[in-house]
Structure formats: C-alpha cells, structure tokens
>>> print(open('run-v4.tsv').read())   # TSV, C-alpha atoms
chain	number	residue	atom	x	y	z
A	14	MET	CA	139.87	82.57	181.24
A	15	ALA	CA	140.79	79.11	179.99
A	16	ASP	CA	138.36	76.22	180.32
A	17	GLN	CA	138.59	74.11	183.44
A	18	PRO	CA	139.26	70.53	182.24
A	19	ALA	CA	137.16	68.96	185.02
A	20	ARG	CA	134.03	70.83	183.95
A	21	ASN	CA	131.78	69.08	181.46
A	22	PHE	CA	130.12	71.56	179.14
A	23	VAL	CA	127.81	68.96	177.59
A	24	SER	CA	124.93	67.13	179.29
A	25	TYR	CA	123.70	63.78	178.03
A	26	GLU	CA	120.38	62.04	178.62
A	27	LEU	CA	118.92	59.01	176.89
A	28	GLN	CA	115.12	59.12	176.68
A	29	GLY	CA	114.18	55.75	175.26
A	30	GLU	CA	115.70	55.67	171.78
A	31	ILE	CA	116.34	59.43	171.68
A	32	ALA	CA	119.56	61.00	172.98
A	33	HIS	CA	119.30	64.56	174.33
A	34	ILE	CA	122.59	66.47	174.18
A	35	GLY	CA	122.64	69.83	175.96
A	36	LEU	CA	125.20	72.61	175.53
A	37	ASN	CA	125.88	73.48	179.16
A	38	ARG	CA	127.97	76.60	179.55
A	39	PRO	CA	125.15	79.10	180.17
A	40	GLU	CA	127.32	81.70	181.92
A	41	LYS	CA	129.14	82.13	178.58
A	42	ARG	CA	125.97	81.85	176.50
A	43	ASN	CA	127.27	78.37	175.55
A	44	ALA	CA	130.20	79.84	173.62
A	45	ILE	CA	132.24	77.02	172.08
A	46	SER	CA	135.91	76.51	172.98
A	47	ASP	CA	138.29	73.78	171.84
A	48	SER	CA	137.62	71.63	174.90
A	49	PHE	CA	133.88	72.19	174.40
A	50	VAL	CA	134.19	70.83	170.86
A	51	GLU	CA	135.83	67.66	172.17
A	52	MET	CA	132.99	67.19	174.65
A	53	ILE	CA	130.48	67.56	171.82
A	54	ALA	CA	132.47	64.93	169.89
A	55	ASP	CA	132.25	62.50	172.82
A	56	ALA	CA	128.50	63.05	173.18
A	57	VAL	CA	127.92	62.58	169.45
A	58	ALA	CA	129.88	59.30	169.48
A	59	ARG	CA	127.86	58.04	172.43
A	60	ALA	CA	124.55	58.96	170.78
A	61	GLU	CA	125.60	57.23	167.57
A	62	SER	CA	126.30	54.06	169.54
A	63	GLU	CA	123.05	53.81	171.52
A	64	ALA	CA	120.31	56.02	170.07
A	65	LYS	CA	118.18	56.04	166.95
A	66	ALA	CA	117.92	59.85	166.80
A	67	ALA	CA	119.21	62.80	168.80
A	68	VAL	CA	118.10	66.21	170.02
A	69	LEU	CA	120.64	69.02	170.41
A	70	TYR	CA	119.70	71.98	172.62
A	71	GLY	CA	121.19	74.65	174.87
A	72	HIS	CA	120.92	75.10	178.63
A	73	GLY	CA	120.17	78.57	179.94
A	74	ASP	CA	118.83	81.50	177.95
A	75	HIS	CA	120.60	80.74	174.66
A	76	PHE	CA	121.36	77.90	172.29
A	77	CYS	CA	124.87	79.06	171.47
A	78	ALA	CA	126.47	82.48	170.99
A	79	GLY	CA	129.29	81.04	168.89
A	80	LEU	CA	133.05	80.94	169.17
A	81	ASP	CA	134.80	81.60	172.49
A	82	LEU	CA	136.60	84.75	171.35
A	83	ALA	CA	138.73	84.97	174.51
A	84	GLU	CA	140.36	81.67	173.54
A	85	HIS	CA	140.45	82.36	169.81
A	86	VAL	CA	142.26	85.70	170.05
A	87	LYS	CA	145.31	83.98	171.56
A	88	LYS	CA	145.78	81.51	168.69
A	89	THR	CA	148.46	81.56	166.02
A	90	PRO	CA	147.32	81.18	162.38
A	91	ILE	CA	148.16	77.45	162.29
A	92	GLU	CA	146.36	76.89	165.59
A	93	GLY	CA	143.36	78.64	164.10
A	94	ILE	CA	143.43	76.36	161.07
A	95	ARG	CA	143.70	73.26	163.24
A	96	GLY	CA	140.82	74.45	165.40
A	97	SER	CA	138.62	75.19	162.38
A	98	ARG	CA	139.36	71.79	160.85
A	99	ARG	CA	138.48	70.10	164.12
A	100	TRP	CA	135.11	71.89	164.16
A	101	HIS	CA	134.60	70.66	160.58
A	102	ALA	CA	135.37	67.08	161.60
A	103	VAL	CA	133.14	67.06	164.69
A	104	PHE	CA	130.22	68.83	163.04
A	105	GLY	CA	130.64	66.48	160.08
A	106	THR	CA	130.01	63.49	162.35
A	107	ILE	CA	126.60	65.02	163.06
A	108	GLU	CA	125.72	65.85	159.46
A	109	HIS	CA	127.10	62.63	157.94
A	110	GLY	CA	126.58	60.20	160.81
A	111	THR	CA	124.18	57.28	161.11
A	112	ILE	CA	121.28	58.86	163.02
A	113	PRO	CA	119.07	61.92	162.46
A	114	TRP	CA	119.80	65.03	164.56
A	115	ILE	CA	117.19	67.65	165.42
A	116	SER	CA	118.28	70.92	167.02
A	117	ALA	CA	116.06	72.88	169.42
A	118	LEU	CA	116.97	76.56	169.19
A	119	HIS	CA	116.27	79.52	171.45
A	120	GLY	CA	117.89	82.82	172.35
A	121	ALA	CA	121.17	83.46	170.55
A	122	VAL	CA	121.93	81.25	167.55
A	123	VAL	CA	124.95	83.25	166.54
A	124	GLY	CA	128.20	82.62	164.64
A	125	GLY	CA	129.47	79.17	165.51
A	126	GLY	CA	126.12	78.40	167.12
A	127	LEU	CA	124.42	78.82	163.76
A	128	GLU	CA	127.16	76.74	162.15
A	129	LEU	CA	126.53	73.97	164.68
A	130	ALA	CA	122.77	74.13	164.16
A	131	ALA	CA	123.31	73.97	160.39
A	132	SER	CA	125.03	70.60	160.80
A	133	THR	CA	121.82	69.08	162.20
A	134	HIS	CA	119.22	67.67	159.84
A	135	ILE	CA	116.12	69.45	161.14
A	136	ARG	CA	116.03	72.74	163.07
A	137	VAL	CA	113.22	73.80	165.41
A	138	THR	CA	113.29	77.34	166.77
A	139	GLU	CA	111.39	79.18	169.45
A	140	ARG	CA	110.12	82.66	168.59
A	141	SER	CA	112.62	84.10	171.07
A	142	ALA	CA	115.57	83.03	168.93
A	143	PHE	CA	117.71	85.38	166.89
A	144	PHE	CA	120.23	84.47	164.20
A	145	ALA	CA	123.39	86.31	163.22
A	146	LEU	CA	126.85	85.95	161.70
A	147	PRO	CA	128.86	88.80	163.30
A	148	GLU	CA	132.28	87.57	162.16
A	149	GLY	CA	132.71	90.56	159.85
A	150	GLN	CA	132.31	92.97	162.77
A	151	ARG	CA	134.86	90.94	164.76
A	152	GLY	CA	137.45	91.02	161.98
A	153	ILE	CA	137.28	87.27	161.38
A	154	PHE	CA	135.54	84.78	159.06
A	155	VAL	CA	133.31	81.78	159.68
A	156	GLY	CA	135.37	78.69	160.53
A	157	GLY	CA	132.89	76.04	161.62
A	158	GLY	CA	131.51	75.13	158.21
A	159	GLY	CA	129.14	78.07	157.77
A	160	SER	CA	130.43	79.08	154.35
A	161	VAL	CA	129.20	75.69	153.13
A	162	ARG	CA	126.27	74.68	155.35
A	163	VAL	CA	124.67	78.03	156.15
A	164	ALA	CA	125.18	79.29	152.61
A	165	ARG	CA	123.51	76.21	151.18
A	166	LEU	CA	120.53	76.63	153.49
A	167	ALA	CA	119.92	80.36	153.13
A	168	GLY	CA	121.87	81.11	149.95
A	169	ALA	CA	125.17	82.91	149.52
A	170	ALA	CA	123.48	86.29	148.98
A	171	ARG	CA	121.58	86.09	152.26
A	172	MET	CA	124.67	84.96	154.13
A	173	THR	CA	126.69	87.77	152.54
A	174	ASP	CA	124.13	90.29	153.79
A	175	MET	CA	124.30	88.89	157.33
A	176	MET	CA	128.11	88.96	157.41
A	177	LEU	CA	128.63	92.34	155.73
A	178	THR	CA	125.93	94.30	157.56
A	179	GLY	CA	125.56	92.45	160.85
A	180	ARG	CA	121.90	91.80	160.08
A	181	VAL	CA	120.13	89.87	162.85
A	182	ALA	CA	117.28	87.62	161.75
A	183	THR	CA	114.17	86.78	163.74
A	184	ALA	CA	112.77	83.25	164.02
A	185	ASP	CA	110.16	83.96	161.35
A	186	GLU	CA	112.80	85.36	159.00
A	187	ALA	CA	114.98	82.31	159.66
A	188	GLU	CA	112.11	80.08	158.60
A	189	ARG	CA	111.55	82.06	155.41
A	190	TRP	CA	115.27	81.87	154.68
A	191	ASN	CA	115.28	78.07	155.18
A	192	LEU	CA	117.61	78.27	158.19
A	193	VAL	CA	114.95	76.48	160.25
A	194	GLN	CA	111.99	74.24	159.42
A	195	TYR	CA	109.72	74.78	162.45
A	196	VAL	CA	108.86	77.82	164.58
A	197	VAL	CA	107.25	77.17	167.96
A	198	ASP	CA	106.30	79.13	171.07
A	199	THR	CA	108.77	79.87	173.85
A	200	GLY	CA	109.66	76.77	175.83
A	201	GLU	CA	108.41	74.34	173.17
A	202	ALA	CA	111.43	73.74	170.96
A	203	ARG	CA	112.89	70.78	172.83
A	204	ARG	CA	109.50	69.08	173.12
A	205	LYS	CA	108.85	69.53	169.40
A	206	ALA	CA	112.36	68.36	168.55
A	207	HIS	CA	111.81	65.21	170.62
A	208	GLU	CA	108.52	64.59	168.80
A	209	LEU	CA	110.28	64.86	165.44
A	210	ALA	CA	113.15	62.68	166.64
A	211	LEU	CA	110.65	59.98	167.64
A	212	ALA	CA	109.11	60.11	164.18
A	213	ALA	CA	112.52	59.79	162.53
A	214	ALA	CA	113.56	56.98	164.89
A	215	GLY	CA	110.54	54.99	163.71
A	216	ASN	CA	111.88	54.85	160.15
A	217	ALA	CA	113.97	52.06	158.74
A	218	THR	CA	117.58	52.56	159.82
A	219	ILE	CA	118.92	52.15	156.30
A	220	SER	CA	116.41	54.70	154.96
A	221	ASN	CA	117.48	57.28	157.56
A	222	TYR	CA	121.11	56.67	156.68
A	223	ALA	CA	120.38	57.15	152.98
A	224	VAL	CA	118.41	60.35	153.58
A	225	ILE	CA	121.04	62.07	155.73
A	226	ASN	CA	124.04	60.91	153.72
A	227	ALA	CA	122.85	60.61	150.12
A	228	LEU	CA	120.69	63.72	149.75
A	229	PRO	CA	123.39	66.32	150.48
A	230	ARG	CA	125.88	64.50	148.26
A	231	ILE	CA	123.40	64.21	145.38
A	232	GLN	CA	122.88	67.98	145.65
A	233	ASP	CA	126.57	68.39	144.84
A	234	MET	CA	126.34	66.25	141.71
A	235	ALA	CA	125.37	67.05	138.16
A	236	LYS	CA	121.74	66.21	137.40
A	237	GLU	CA	122.36	62.93	135.56
A	238	ASP	CA	124.97	61.81	138.09
A	239	GLY	CA	122.52	62.45	140.91
A	240	LEU	CA	119.77	60.47	139.19
A	241	PHE	CA	122.18	57.60	138.59
A	242	VAL	CA	123.19	57.45	142.25
A	243	GLU	CA	119.56	57.76	143.31
A	244	SER	CA	118.72	54.59	141.38
A	245	PHE	CA	121.37	52.58	143.21
A	246	ILE	CA	120.34	53.88	146.65
A	247	ALA	CA	116.65	53.29	145.90
A	248	SER	CA	117.34	49.70	144.82
A	249	PHE	CA	119.63	48.98	147.76
A	250	THR	CA	117.21	50.26	150.41
A	251	ALA	CA	114.15	48.64	148.81
A	252	THR	CA	115.73	45.18	148.85
A	253	SER	CA	116.69	45.23	152.54
A	254	PRO	CA	114.88	42.77	154.88
A	255	GLU	CA	113.41	45.66	156.88
A	256	ALA	CA	112.04	47.29	153.75
A	257	GLU	CA	110.42	44.02	152.68
A	258	GLU	CA	108.68	43.68	156.05
A	259	ARG	CA	107.50	47.29	156.01
A	260	LEU	CA	106.21	47.05	152.45
A	261	ARG	CA	104.34	43.83	153.25
A	262	ALA	CA	102.82	45.47	156.33
A	263	PHE	CA	101.54	48.30	154.15
A	264	LEU	CA	100.17	45.93	151.49
A	265	ASP	CA	98.48	43.83	154.20
A	266	LYS	CA	96.91	47.02	155.63
A	267	ARG	CA	98.88	46.66	158.88
A	268	ALA	CA	100.52	50.07	158.36
A	269	ALA	CA	98.78	53.44	158.22
A	270	ARG	CA	98.30	55.23	154.93
A	271	VAL	CA	99.36	58.82	154.42
A	272	LYS	CA	96.46	61.21	155.05
A	273	ALA	CA	95.96	64.94	154.91
A	274	PRO	CA	97.14	66.95	157.95
A	275	GLY	CA	94.53	67.11	160.69
A	276	THR	CA	92.76	63.95	159.51
A	277	ALA	CA	92.10	61.48	162.32
A	278	GLY	CA	94.21	58.34	162.04
A	279	GLY	CA	96.65	59.84	159.55
A	280	GLY	CA	100.08	58.24	159.24
>>> encode(input="run-v4.tsv", output="structure tokens")
Amino acid sequence: MADQPARNFVSYELQGEIAHIGLNRPEKRNAISDSFVEMIADAVARAESEAKAAVLYGHGDHFCAGLDLAEHVKKTPIEGIRGSRRWHAVFGTIEHGTIPWISALHGAVVGGGLELAASTHIRVTERSAFFALPEGQRGIFVGGGGSVRVARLAGAARMTDMMLTGRVATADEAERWNLVQYVVDTGEARRKAHELALAAAGNATISNYAVINALPRIQDMAKEDGLFVESFIASFTATSPEAEERLRAFLDKRAARVKAPGTAGGG
C-alpha cells in the first residue's frame, strides 16, 4: 500500500543542543519509502539549522528493516536510479553535513537500514540488534550507498559474504567488523548516543566540521596528498578564534587534561 502523505514517518525532538530524530513507521519495521526519505531530509535540514549534534534512532522494535519492497517492486529502471540517487543525496547530507550524527541501533538493522546507519559518524548498538544485507536473496543490489559506506567500514570481503550468503551478524560481530563502535544493553542505545552527542557538541564547531568532512576524504587520497591536506586543515582550525580561546584555557589550567579511563576528574 502506498504511503499516506499526511502521515509523518519521522519524529523530531530538540533536547538542548541535541536533536533526536526518530524513524516512526514501526508497523513496517521502519522500512524506508520515497516519501520517508523526504521526511528524513527535512529532519536532517532542521537539525543542521538548530542543533550541535544529532541522534538517529528507531521507534518500535527495530531501527530499520531497509527498503520498502512493496513500493520498489513497482518502479521502472529509471525510477529506481532516481530513487537510489536521492537516497545518496539525503544520506550524504548526514555524512558530509556540519554536525556529528550518532545512531542508536536495535532490532533489525537490515539492508537500507544498515546503509542509513553507515552514513552516521558513530554507531551505538543494543545487544538485541542484528545486521544483514539480504539484497542478494531479493534479487536486487544495495542502492543507498552501502557498496561504498558499509564496504569501507567492514571491508568488501565481509560485505560480499553478507550479500552472497545472507549471513546475519550479531551486535558483537558488528563491533568486531567495525560496523558499530559501542555495544550496550537493551534499552540503552539512545541514552548512550545522547551522551556521545553531548560530548561531540562540546567540541569546537570548526573541529567537528573538519573531522566529519576531512577524514573520509583524506582516506580516499594518496598518502602524500592526504598529509598535504591535513597540514592545511590543521593550520586553519588551529588559528580560529575558538581554538585560541580553548588552547589558552588549557595552558591556563582552566581545561581538564586527558586522563586514563576510570580516573576521577578525567577529561
């Protein structure tokens, strides 16, 4: 059945400086349709305009079970290309935007859901989560950026295994494969994601922008090209007014020093 235009599949909540964006189509395991993508785009634009970091999560029992196959099966080849390119554009505004995004994962993180999660900068998963790329079994191919983002996280060989055999990964396997960075108990992913978002929001804005935009591009460069670009970014960020104030605060002992994990007063 086609989406109902009046229904909003994305919730939005601003908690201080952190935007919380929820995928809200639980009866379909948050499967993503074309109209759903446009609602994600609107929420991302709003978060970029008023938040310093964002948390992406799913309502119901699952983060996202992927592409809405009922809609996809009706598309012509050119409609499929246009849809895929729109996913690329919207997910790209997350990956290459101006604020850090942390995804809170639980239940199904499958197909397009994994592609969406891969566009965020940090991924937190509950132990209940499971990860899969079943496109091969459906007779299709990833179209939401997975061949680039997921393959770069887990490696092409691991992704090939998942797509050819239908292998389903647990949360612990996903962490070992670099698909996620944190594994937490059931019900804790969104809280942990918010904690990480707060930490990121406390950084200098220009530093966050450099981290989320420069690092992935430098990875695509030859070694010497990457080092050359790094020098320019390092110089540019270090000479900003905010950097000067933060460096002076550290030198004047007004900012916490880095300490070992578990040490009281670490920062």
>>> atom_distance(input="run-v4.tsv", atom1="CA of Ser253 (chain A)", atom2="CA of Ile219 (chain A)")
8.2 Å
>>> atom_distance(input="run-v4.tsv", atom1="CA of Val123 (chain A)", atom2="CA of Ala78 (chain A)")
4.8 Å
>>> closest_residue(input="run-v4.tsv", among="A:Gln28, A:Asn216, A:Ser160, A:Ser48", to="Glu128 (chain A)", atoms="only C-alpha atoms")
A:Ser160
>>> atom_distance(input="run-v4.tsv", atom1="CA of Glu30 (chain A)", atom2="CA of Gly110 (chain A)")
16.1 Å
>>> closest_residue(input="run-v4.tsv", among="A:Met176, A:Val103, A:Ala212, A:Asp185", to="Gly158 (chain A)", atoms="only C-alpha atoms")
A:Val103
>>> closest_residue(input="run-v4.tsv", among="A:His85, A:Arg162, A:Arg98, A:His207", to="Pro113 (chain A)", atoms="only C-alpha atoms")
A:His207
>>> axis_aligned_box(input="run-v4.tsv", around="region 115-133 of chain A", padding_each_side="4 Å", output="JSON")
{"center_x": 122.8, "center_y": 75.6, "center_z": 166.4, "size_x": 21.4, "size_y": 23.8, "size_z": 20.0}
>>> closest_residue(input="run-v4.tsv", among="A:Ile112, A:Ile34, A:Leu211, A:Ala142", to="Glu188 (chain A)", atoms="all atoms listed in the file")
A:Ala142
>>> residues_around(input="run-v4.tsv", residues="Glu40 (chain A)", least_positions_apart="6", cutoff="10 Å", atoms="all atoms listed in the file", output="MDAnalysis selection string")
chainID A and resid 72:75
>>> closest_residue(input="run-v4.tsv", among="A:Ala66, A:Leu118, A:Ile31, A:Val86", to="Thr218 (chain A)", atoms="all atoms listed in the file")
A:Ala66
>>> residues_near_point(input="run-v4.tsv", point="(111.5, 78.4, 172.0)", cutoff="10 Å", atoms="all atoms listed in the file", output="PyMOL selection string")
chain A and resi 74-76+117-120+137-142+184+196-205
>>> closest_residue(input="run-v4.tsv", among="A:Pro229, A:Pro254, A:Gly159, A:Gly35", to="Ala67 (chain A)", atoms="all atoms listed in the file")
A:Gly35
>>> residues_near_point(input="run-v4.tsv", point="(129.7, 98.5, 164.0)", cutoff="12 Å", atoms="all atoms listed in the file", output="ChimeraX atom specification")
/A:147-152,176-180
>>> residues_around(input="run-v4.tsv", residues="Gly168 (chain A)", least_positions_apart="4", cutoff="12 Å", atoms="all atoms listed in the file", output="list in words")
Gly159, Ser160, Val161, Arg162, Val163, Ala164, Met172, Thr173, Asp174, Met175, Ala187, Arg189, Trp190, Asn191 and Leu192 of chain A
